[in-house]
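Asks: Next comes the structure file data-v5.cif, holding mmCIF, C-alpha atoms and all ligand atoms.
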data_run
loop_
_atom_site.label_atom_id
_atom_site.label_comp_id
_atom_site.auth_asym_id
_atom_site.auth_seq_id
_atom_site.Cartn_x
_atom_site.Cartn_y
_atom_site.Cartn_z
CA MET A 1 -11.16 2.30 -3.48
CA THR A 2 -9.01 -0.34 -5.12
CA ASP A 3 -5.30 -0.98 -4.75
CA SER A 4 -4.33 0.67 -8.01
CA GLU A 5 -6.17 3.86 -7.10
CA PHE A 6 -3.85 4.70 -4.22
CA LEU A 7 -1.50 7.58 -4.85
CA HIS A 8 2.00 7.50 -3.43
CA SER A 9 2.90 11.17 -3.29
CA GLY A 10 1.53 14.64 -3.76
CA ASP A 11 -1.37 16.75 -2.57
CA GLU A 12 -4.06 14.40 -3.85
CA LYS A 13 -2.53 11.62 -1.78
CA LYS A 14 -2.89 13.85 1.27
CA THR A 15 -6.62 14.25 0.65
CA GLN A 16 -7.01 10.48 0.21
CA VAL A 17 -5.04 9.74 3.37
CA GLN A 18 -6.89 12.33 5.43
CA SER A 19 -10.29 10.95 4.51
CA MET A 20 -9.06 7.39 4.98
CA PHE A 21 -7.99 8.10 8.58
CA ASP A 22 -11.12 10.12 9.28
CA GLY A 23 -13.03 7.04 8.10
CA ILE A 24 -11.23 4.42 10.17
CA ALA A 25 -10.60 6.56 13.29
CA ASN A 26 -13.16 4.73 15.43
CA ARG A 27 -11.60 1.34 14.71
CA TYR A 28 -7.97 2.51 14.54
CA ASP A 29 -6.80 1.69 18.07
CA PHE A 30 -8.41 -1.72 18.08
CA LEU A 31 -7.06 -2.64 14.64
CA ASN A 32 -3.63 -1.32 15.51
CA HIS A 33 -3.18 -3.51 18.58
CA PHE A 34 -4.99 -6.48 17.10
CA LEU A 35 -3.21 -6.56 13.74
CA SER A 36 0.22 -5.94 15.24
CA LEU A 37 -0.54 -8.58 17.91
CA GLY A 38 0.19 -5.93 20.54
CA VAL A 39 3.84 -5.51 19.50
CA ASP A 40 3.20 -1.86 18.62
CA LEU A 41 3.50 -1.02 22.35
CA TYR A 42 7.09 -2.29 22.36
CA TRP A 43 7.93 -0.45 19.11
CA ARG A 44 6.62 2.83 20.55
CA LYS A 45 8.66 2.39 23.70
CA GLN A 46 11.84 1.93 21.67
CA SER A 47 11.06 5.02 19.62
CA VAL A 48 10.62 7.06 22.81
CA LYS A 49 14.01 5.82 24.07
CA ALA A 50 15.65 7.19 20.93
CA LEU A 51 14.51 10.71 21.89
CA ASP A 52 16.63 10.91 25.08
CA LEU A 53 13.84 12.81 26.82
CA GLU A 54 14.53 14.73 30.01
CA ASP A 55 12.20 16.45 32.47
CA GLY A 56 11.09 19.82 31.12
CA HIS A 57 11.42 18.85 27.46
CA VAL A 58 8.70 19.73 24.97
CA LEU A 59 7.99 17.01 22.42
CA LEU A 60 6.17 17.44 19.13
CA ASP A 61 4.50 14.23 18.02
CA VAL A 62 3.62 14.66 14.35
CA ALA A 63 0.81 12.58 12.83
CA CYS A 64 -0.15 11.80 16.42
CA GLY A 65 -3.39 10.06 15.48
CA THR A 66 -5.18 8.95 18.63
CA GLY A 67 -2.20 9.90 20.80
CA ASP A 68 -0.51 6.60 21.70
CA GLN A 69 3.04 7.76 20.91
CA GLY A 70 2.55 10.82 23.13
CA PHE A 71 1.23 8.66 25.98
CA ALA A 72 4.29 6.40 25.69
CA ALA A 73 6.58 9.45 25.89
CA LEU A 74 4.79 10.87 28.93
CA LYS A 75 5.65 7.68 30.82
CA VAL A 76 9.42 8.23 30.70
CA ALA A 77 9.89 11.84 31.79
CA ASP A 78 8.02 14.89 33.05
CA ILE A 79 7.56 16.48 29.64
CA GLU A 80 4.93 18.35 27.66
CA VAL A 81 3.60 16.91 24.44
CA MET A 82 2.13 18.73 21.46
CA GLY A 83 0.38 16.34 19.10
CA LEU A 84 -0.40 17.33 15.52
CA ASP A 85 -2.49 15.50 12.97
CA PHE A 86 -4.64 16.50 10.00
CA SER A 87 -7.43 14.02 10.70
CA PHE A 88 -10.15 15.68 12.75
CA ASN A 89 -11.67 12.36 13.81
CA MET A 90 -8.34 10.90 14.99
CA LEU A 91 -7.75 14.04 17.06
CA GLU A 92 -11.19 13.89 18.63
CA LEU A 93 -10.32 10.41 19.91
CA ALA A 94 -6.92 11.63 21.11
CA LYS A 95 -8.64 14.42 23.07
CA LYS A 96 -11.02 11.96 24.73
CA LYS A 97 -8.13 9.70 25.74
CA ILE A 98 -6.13 12.67 27.09
CA ASP A 99 -9.08 13.80 29.22
CA LYS A 100 -9.79 10.29 30.43
CA ARG A 101 -6.19 9.93 31.61
CA GLY A 102 -6.20 13.35 33.27
CA LEU A 103 -3.32 14.54 31.07
CA SER A 104 -4.77 17.73 29.62
CA GLN A 105 -2.15 19.87 31.40
CA LYS A 106 0.62 17.89 29.72
CA PHE A 107 -0.72 16.85 26.33
CA GLU A 108 -2.31 19.20 23.81
CA VAL A 109 -3.34 18.40 20.25
CA VAL A 110 -3.76 20.58 17.20
CA GLN A 111 -5.01 19.96 13.68
CA GLY A 112 -2.37 20.69 11.06
CA ASP A 113 -0.26 19.45 8.18
CA ALA A 114 3.11 17.79 8.74
CA GLU A 115 4.38 19.57 5.63
CA SER A 116 3.55 23.03 6.91
CA LEU A 117 3.87 23.02 10.69
CA PRO A 118 2.14 25.88 12.55
CA PHE A 119 5.12 26.45 14.87
CA GLN A 120 8.06 28.82 14.99
CA ASP A 121 11.63 27.80 14.19
CA ASN A 122 13.63 26.12 17.00
CA THR A 123 10.61 25.38 19.23
CA PHE A 124 10.87 21.71 20.26
CA ASP A 125 13.45 19.65 22.18
CA ALA A 126 12.35 16.47 20.45
CA LEU A 127 10.13 15.36 17.59
CA SER A 128 8.58 11.96 16.96
CA ILE A 129 6.48 10.58 14.14
CA SER A 130 5.19 7.03 14.26
CA TYR A 131 3.76 5.31 11.20
CA GLY A 132 3.09 8.74 9.76
CA ILE A 133 6.01 9.68 7.50
CA ARG A 134 4.99 7.04 4.91
CA ASN A 135 1.61 8.75 4.65
CA VAL A 136 2.64 12.36 4.01
CA GLY A 137 2.37 13.84 0.52
CA THR A 138 6.02 14.87 0.11
CA ILE A 139 8.47 13.29 2.55
CA SER A 140 11.27 15.84 2.02
CA ALA A 141 8.85 18.72 2.73
CA ALA A 142 7.88 17.14 6.05
CA LEU A 143 11.51 16.41 7.02
CA SER A 144 12.49 19.97 6.27
CA GLU A 145 9.70 21.19 8.55
CA PHE A 146 10.84 18.80 11.32
CA TYR A 147 14.33 20.25 11.06
CA ARG A 148 13.03 23.82 11.16
CA VAL A 149 10.92 23.44 14.33
CA LEU A 150 13.49 21.43 16.31
CA LYS A 151 15.91 23.32 18.55
CA PRO A 152 19.59 22.92 17.70
CA GLY A 153 20.63 19.61 19.27
CA GLY A 154 16.98 18.46 19.22
CA ARG A 155 16.32 14.77 18.62
CA LEU A 156 14.21 13.24 15.88
CA SER A 157 12.79 9.71 16.10
CA ILE A 158 10.86 8.23 13.20
CA LEU A 159 9.13 4.89 13.60
CA GLU A 160 8.02 3.31 10.36
CA PHE A 161 7.21 -0.06 8.84
CA SER A 162 9.88 -1.46 6.57
CA GLU A 163 10.34 -4.54 4.46
CA PRO A 164 12.28 -7.23 6.31
CA GLN A 165 15.51 -8.16 4.58
CA GLY A 166 15.81 -11.89 5.36
CA TRP A 167 14.36 -14.28 2.78
CA PHE A 168 12.20 -16.31 5.17
CA VAL A 169 10.86 -13.45 7.28
CA GLY A 170 10.42 -11.40 4.10
CA ARG A 171 8.13 -14.04 2.60
CA LEU A 172 6.17 -14.50 5.82
CA TYR A 173 5.77 -10.75 6.15
CA ARG A 174 4.56 -10.32 2.57
CA PHE A 175 2.09 -13.16 2.98
CA TYR A 176 0.70 -11.62 6.19
CA PHE A 177 0.62 -8.08 4.82
CA ASP A 178 -0.72 -8.93 1.35
CA HIS A 179 -3.17 -11.72 2.17
CA ILE A 180 -4.01 -12.07 5.85
CA LEU A 181 -4.08 -8.48 7.02
CA PRO A 182 -6.42 -7.04 4.33
CA LYS A 183 -8.78 -10.01 4.89
CA LEU A 184 -8.81 -9.55 8.66
CA ALA A 185 -9.29 -5.82 8.23
CA GLY A 186 -11.96 -6.47 5.58
CA LEU A 187 -13.97 -8.37 8.16
CA MET A 188 -13.99 -5.13 10.12
CA SER A 189 -14.82 -3.12 6.98
CA SER A 190 -11.46 -1.36 6.67
CA LYS A 191 -10.21 -3.32 3.69
CA SER A 192 -9.02 -0.41 1.59
CA ALA A 193 -6.98 1.08 4.44
CA TYR A 194 -5.22 -2.23 4.96
CA THR A 195 -4.61 -2.72 1.25
CA TYR A 196 -3.06 0.73 1.25
CA LEU A 197 -0.79 -0.26 4.18
CA PRO A 198 1.43 -2.86 2.40
CA GLU A 199 1.24 -0.83 -0.79
CA SER A 200 2.54 2.29 0.95
CA VAL A 201 5.30 0.35 2.76
CA ARG A 202 6.50 -0.95 -0.61
CA HIS A 203 6.70 2.58 -1.97
CA PHE A 204 8.61 3.94 1.03
CA PRO A 205 12.34 4.55 0.42
CA ASP A 206 14.65 1.78 1.62
CA ARG A 207 16.68 2.26 4.79
CA SER A 208 19.77 3.73 3.22
CA ASP A 209 17.87 6.06 0.84
CA PHE A 210 15.76 7.29 3.73
CA LYS A 211 18.85 8.00 5.85
CA ASP A 212 20.32 9.93 2.89
CA LEU A 213 17.14 11.99 2.78
CA LEU A 214 17.46 12.80 6.49
CA SER A 215 21.08 13.84 6.03
CA SER A 216 20.24 15.97 3.02
CA GLU A 217 17.69 17.87 5.14
CA GLY A 218 20.50 18.70 7.57
CA PHE A 219 20.12 16.02 10.25
CA GLN A 220 23.32 14.75 11.85
CA HIS A 221 24.22 11.44 13.50
CA VAL A 222 21.61 9.76 11.33
CA SER A 223 21.15 6.07 12.11
CA HIS A 224 18.56 3.35 12.02
CA ARG A 225 17.70 0.31 14.07
CA ASP A 226 15.59 -2.60 12.86
CA LEU A 227 13.00 -4.00 15.24
CA THR A 228 11.23 -7.37 15.15
CA PHE A 229 13.12 -8.87 12.16
CA GLY A 230 13.07 -5.52 10.38
CA ILE A 231 9.31 -5.20 9.92
CA THR A 232 9.64 -1.87 11.70
CA ALA A 233 12.58 0.50 11.85
CA ILE A 234 13.49 3.48 14.00
CA TYR A 235 15.38 6.28 12.29
CA ARG A 236 17.21 8.81 14.44
CA GLY A 237 18.71 12.15 13.71
CA VAL A 238 19.91 15.22 15.58
CA LYS A 239 19.54 18.84 14.47
C1 LIG A 301 -0.96 5.14 10.82
S1 LIG A 301 -1.54 6.57 11.63
C2 LIG A 301 -0.38 6.73 12.95
C3 LIG A 301 -0.97 7.44 14.14
C4 LIG A 301 -0.10 7.46 15.38
N1 LIG A 301 1.14 8.16 15.15
C5 LIG A 301 0.20 6.07 15.86
O1 LIG A 301 1.38 5.72 15.97
O2 LIG A 301 -0.75 5.34 16.17
C6 LIG A 301 -1.03 7.85 10.54
C7 LIG A 301 -1.52 9.22 10.93
O3 LIG A 301 -0.85 10.18 10.12
C8 LIG A 301 -1.74 11.25 9.90
N2 LIG A 301 -1.21 12.02 8.75
C9 LIG A 301 -0.90 11.54 7.54
N3 LIG A 301 -0.41 12.52 6.76
C10 LIG A 301 -0.41 13.65 7.52
C11 LIG A 301 -0.02 14.99 7.27
N4 LIG A 301 0.45 15.39 6.09
N5 LIG A 301 -0.14 15.88 8.28
C12 LIG A 301 -0.64 15.50 9.49
N6 LIG A 301 -1.04 14.25 9.77
C13 LIG A 301 -0.92 13.32 8.79
C14 LIG A 301 -3.07 10.54 9.66
O4 LIG A 301 -4.17 11.41 9.81
C15 LIG A 301 -3.01 9.46 10.73
O5 LIG A 301 -3.59 9.87 11.93
#
Translate this structure into structure tokens?

Replies:
Amino acid sequence: MTDSEFLHSGDEKKTQVQSMFDGIANRYDFLNHFLSLGVDLYWRKQSVKALDLEDGHVLLDVACGTGDQGFAALKVADIEVMGLDFSFNMLELAKKKIDKRGLSQKFEVVQGDAESLPFQDNTFDALSISYGIRNVGTISAALSEFYRVLKPGGRLSILEFSEPQGWFVGRLYRFYFDHILPKLAGLMSSKSAYTYLPESVRHFPDRSDFKDLLSSEGFQHVSHRDLTFGITAIYRGVK
């Protein structure tokens, strides 16, 4: 697949993204930590903080992939986590990791679509999605589902890559994302996925447009916080 063949919204994009993640699942964790130089652990921790989790809460982690966001959340409070993803292969890895850590009583995963969540209204105390919202077919459809399944007062935390705003960091970032990262990933035969990555970040709404989207879906107290020079941002909202 070449750069220009990537779609940036719609149902066809979903099919592309699903097969892309099914294809890279086995290398995903390694590439994730390696290509982010391990900083992803810090980003996840900050996203968990934004959820204000308390013992007894039930968290839905959408686009859970291999489960790392859920594991980070389980470290801060005695909660239950429901992970949802549409990639079968990513979920199989999540299940193995859950079993290996002896967390099967606390962490369950289910295959499903972020845009049509298989849960009743007002079910979850908190909802997280990390590096997933950029990949869904229709962002507003997913946000509307997040709002529906959260309990009133429930917290939303969205972790997503963003384009840094400073001139110097912006140039460094683009050089790394556009030239270094696809080459590194290409060495591990995941080139198309890591060409898609910068491409999809570029097509993601900017911070203020994304916050407007959250507000228009009904979320209150919407805010964002840039992390690591703005290459990642956390968006928060409350139902
Ligand atoms: C970059 S990975 C992030 C995985 C995990 N959240 C993490 O932080 O490592 C994106 C994940 O989103 C999932 N995904 C993308 N679109 C989805 C959708 N519409 N419904 C469910 N999962 C989706 C993919 O299958 C993939 O596992």

Asks: Just the residues within 10 Å of Asp226 in chain A, please, counting all atoms listed in the file, with nothing from its chain fewer than 6 positions along; format it as a ChimeraX atom specification.

Replies: /A:159-162,164-165,207,232-235

Asks: Hey, could you make a per-residue contact list for chain A against ligand LIG 301 (chain A) with 6 Å as the cut-off, showing the nearest pair of atoms and its distance in Å to one decimal, counting only C-alpha atoms and all ligand atoms, sorted by chain and number, as a tab-separated table?

Replies:
residue	atom	partner	partner_atom	distance
A:Gln18	CA	A:LIG301	O4	5.2
A:Phe21	CA	A:LIG301	O4	5.2
A:Ala63	CA	A:LIG301	N6	3.9
A:Cys64	CA	A:LIG301	N1	4.1
A:Gly65	CA	A:LIG301	O5	3.6
A:Asp68	CA	A:LIG301	O2	5.7
A:Gln69	CA	A:LIG301	O1	5.6
A:Asp85	CA	A:LIG301	N6	3.7
A:Phe86	CA	A:LIG301	C12	4.2
A:Ser87	CA	A:LIG301	O4	4.3
A:Met90	CA	A:LIG301	O5	5.7
A:Gly112	CA	A:LIG301	C12	5.7
A:Asp113	CA	A:LIG301	N5	3.6
A:Ala114	CA	A:LIG301	N5	3.8
A:Glu115	CA	A:LIG301	N4	5.8
A:Ile129	CA	A:LIG301	N1	5.9
A:Ser130	CA	A:LIG301	N1	4.3
A:Tyr131	CA	A:LIG301	C2	4.7
A:Gly132	CA	A:LIG301	O3	4.2
A:Asn135	CA	A:LIG301	C9	4.7
A:Val136	CA	A:LIG301	N3	4.1

Asks: To one decimal place in Å, what is the distance between CA of Leu60 in chain A and CA of Leu84 in chain A?

Replies: 7.5 Å

Asks: Grab the CA of Thr15 in chain A to CA of Tyr28 in chain A distance for me, in Å with one decimal place.

Replies: 18.2 Å

Asks: Which residues, protein or nucleic acid, reach to within 10 Å of (-6.2, 13.1, 23.6) in the file's coordinates when using all atoms listed in the file, and can you give that as number ranges by chain?

Replies: A: 64-68, 70-71, 83, 90-104, 107-109

Asks: Would you save the residues of that selection, restricted to C-alpha atoms, as a short mmCIF file (atom, residue, chain, number, x, y, z; two decimals), in the frame of the given file?

Replies:
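Ended up saving to selection.cif:
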data_model
loop_
_atom_site.label_atom_id
_atom_site.label_comp_id
_atom_site.auth_asym_id
_atom_site.auth_seq_id
_atom_site.Cartn_x
_atom_site.Cartn_y
_atom_site.Cartn_z
CA CYS A 64 -0.15 11.80 16.42
CA GLY A 65 -3.39 10.06 15.48
CA THR A 66 -5.18 8.95 18.63
CA GLY A 67 -2.20 9.90 20.80
CA ASP A 68 -0.51 6.60 21.70
CA GLY A 70 2.55 10.82 23.13
CA PHE A 71 1.23 8.66 25.98
CA GLY A 83 0.38 16.34 19.10
CA MET A 90 -8.34 10.90 14.99
CA LEU A 91 -7.75 14.04 17.06
CA GLU A 92 -11.19 13.89 18.63
CA LEU A 93 -10.32 10.41 19.91
CA ALA A 94 -6.92 11.63 21.11
CA LYS A 95 -8.64 14.42 23.07
CA LYS A 96 -11.02 11.96 24.73
CA LYS A 97 -8.13 9.70 25.74
CA ILE A 98 -6.13 12.67 27.09
CA ASP A 99 -9.08 13.80 29.22
CA LYS A 100 -9.79 10.29 30.43
CA ARG A 101 -6.19 9.93 31.61
CA GLY A 102 -6.20 13.35 33.27
CA LEU A 103 -3.32 14.54 31.07
CA SER A 104 -4.77 17.73 29.62
CA PHE A 107 -0.72 16.85 26.33
CA GLU A 108 -2.31 19.20 23.81
CA VAL A 109 -3.34 18.40 20.25
#

Asks: To one decimal in Å, tell me the separation between CA of Leu172 in chain A and CA of Ile231 in chain A.

Replies: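 Between these atoms lies a distance of 10.6 Å.
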
Asks: Let me know the centre plus edge lengths, in Å and rounded to one decimal, of a box with edges along x, y and z that contains all listed atoms of range 18-34 of chain A and is padded by 6 Å on every side, as JSON.

Replies:
{"center_x": -8.2, "center_y": 2.9, "center_z": 11.5, "size_x": 22.0, "size_y": 30.8, "size_z": 26.1}

Asks: Please provide as a ChimeraX atom specification all residues within 10 Å of Ala185 in chain A, with the sequence filter that same-chain residues fewer than 6 positions apart are discarded (counting all atoms listed in the file).

Replies: /A:27,31,34-35,191-195

Asks: In terms of the shortest atom-to-atom distance over only C-alpha atoms, which of A:Arg44, A:His33, A:His8, A:His221 is closest to Val201 in chain A?

Replies: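 Closest to Val201 in chain A of all the choices is A:His8.
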
Asks: Pick out the residues sitting within 6 Å of Lys151 in chain A, and hand them over as a list in words; count all atoms listed in the file, and ignore anything fewer than 5 positions along from it in its own chain.

Replies: Asn122, Thr123, Phe124 and Asp125 of chain A

Asks: Name the closest residue to Asp40 in chain A among the candidates A:Leu214, A:Val222, A:Ala73, A:Leu227; distances are taken between atoms, counting only C-alpha atoms.

Replies: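 Using only C-alpha atoms, the shortest distance to Asp40 in chain A belongs to A:Leu227.
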
Asks: Identify which of the residues A:Lys14, A:Lys239, A:Lys75, A:Lys183 lies closest to Glu217 in chain A, counting only C-alpha atoms when measuring atom-to-atom distances.

Replies: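 Looking only at the distances to Glu217 in chain A, the closest residue turns out to be A:Lys239.
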
Asks: Residues within 9 Å of Asp11 in chain A, please, as a PyMOL selection string. Count all atoms listed in the file; anything in the same chain fewer than 5 positions from it doesn't count.

Replies: chain A and resi 16+136-138

Asks: Keeping C-alpha atoms, export the residues of the selection given above as a CSV table (one decimal), in the frame of the given file.

Replies:
chain,number,residue,atom,x,y,z
A,16,GLN,CA,-7.0,10.5,0.2
A,136,VAL,CA,2.6,12.4,4.0
A,137,GLY,CA,2.4,13.8,0.5
A,138,THR,CA,6.0,14.9,0.1

Asks: Identify, on the basis of all atoms listed in the file, every residue whose closest approach to Leu156 in chain A does not exceed 12 Å; exclude the query and any residue fewer than 3 positions from it along the same chain; express the result as a JSON list (two decimals) with C-alpha atoms, in the frame of the given file.

Replies:
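Saved file selection34.json follows:
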[["chain", "number", "residue", "atom", "x", "y", "z"],
["A", 47, "SER", "CA", 11.06, 5.02, 19.62],
["A", 48, "VAL", "CA", 10.62, 7.06, 22.81],
["A", 49, "LYS", "CA", 14.01, 5.82, 24.07],
["A", 50, "ALA", "CA", 15.65, 7.19, 20.93],
["A", 51, "LEU", "CA", 14.51, 10.71, 21.89],
["A", 52, "ASP", "CA", 16.63, 10.91, 25.08],
["A", 53, "LEU", "CA", 13.84, 12.81, 26.82],
["A", 59, "LEU", "CA", 7.99, 17.01, 22.42],
["A", 60, "LEU", "CA", 6.17, 17.44, 19.13],
["A", 61, "ASP", "CA", 4.50, 14.23, 18.02],
["A", 62, "VAL", "CA", 3.62, 14.66, 14.35],
["A", 124, "PHE", "CA", 10.87, 21.71, 20.26],
["A", 125, "ASP", "CA", 13.45, 19.65, 22.18],
["A", 126, "ALA", "CA", 12.35, 16.47, 20.45],
["A", 127, "LEU", "CA", 10.13, 15.36, 17.59],
["A", 128, "SER", "CA", 8.58, 11.96, 16.96],
["A", 129, "ILE", "CA", 6.48, 10.58, 14.14],
["A", 130, "SER", "CA", 5.19, 7.03, 14.26],
["A", 143, "LEU", "CA", 11.51, 16.41, 7.02],
["A", 144, "SER", "CA", 12.49, 19.97, 6.27],
["A", 145, "GLU", "CA", 9.70, 21.19, 8.55],
["A", 146, "PHE", "CA", 10.84, 18.80, 11.32],
["A", 147, "TYR", "CA", 14.33, 20.25, 11.06],
["A", 148, "ARG", "CA", 13.03, 23.82, 11.16],
["A", 149, "VAL", "CA", 10.92, 23.44, 14.33],
["A", 150, "LEU", "CA", 13.49, 21.43, 16.31],
["A", 151, "LYS", "CA", 15.91, 23.32, 18.55],
["A", 152, "PRO", "CA", 19.59, 22.92, 17.70],
["A", 153, "GLY", "CA", 20.63, 19.61, 19.27],
["A", 159, "LEU", "CA", 9.13, 4.89, 13.60],
["A", 214, "LEU", "CA", 17.46, 12.80, 6.49],
["A", 218, "GLY", "CA", 20.50, 18.70, 7.57],
["A", 219, "PHE", "CA", 20.12, 16.02, 10.25],
["A", 220, "GLN", "CA", 23.32, 14.75, 11.85],
["A", 221, "HIS", "CA", 24.22, 11.44, 13.50],
["A", 222, "VAL", "CA", 21.61, 9.76, 11.33],
["A", 223, "SER", "CA", 21.15, 6.07, 12.11],
["A", 224, "HIS", "CA", 18.56, 3.35, 12.02],
["A", 234, "ILE", "CA", 13.49, 3.48, 14.00],
["A", 235, "TYR", "CA", 15.38, 6.28, 12.29],
["A", 236, "ARG", "CA", 17.21, 8.81, 14.44],
["A", 237, "GLY", "CA", 18.71, 12.15, 13.71],
["A", 238, "VAL", "CA", 19.91, 15.22, 15.58],
["A", 239, "LYS", "CA", 19.54, 18.84, 14.47]]
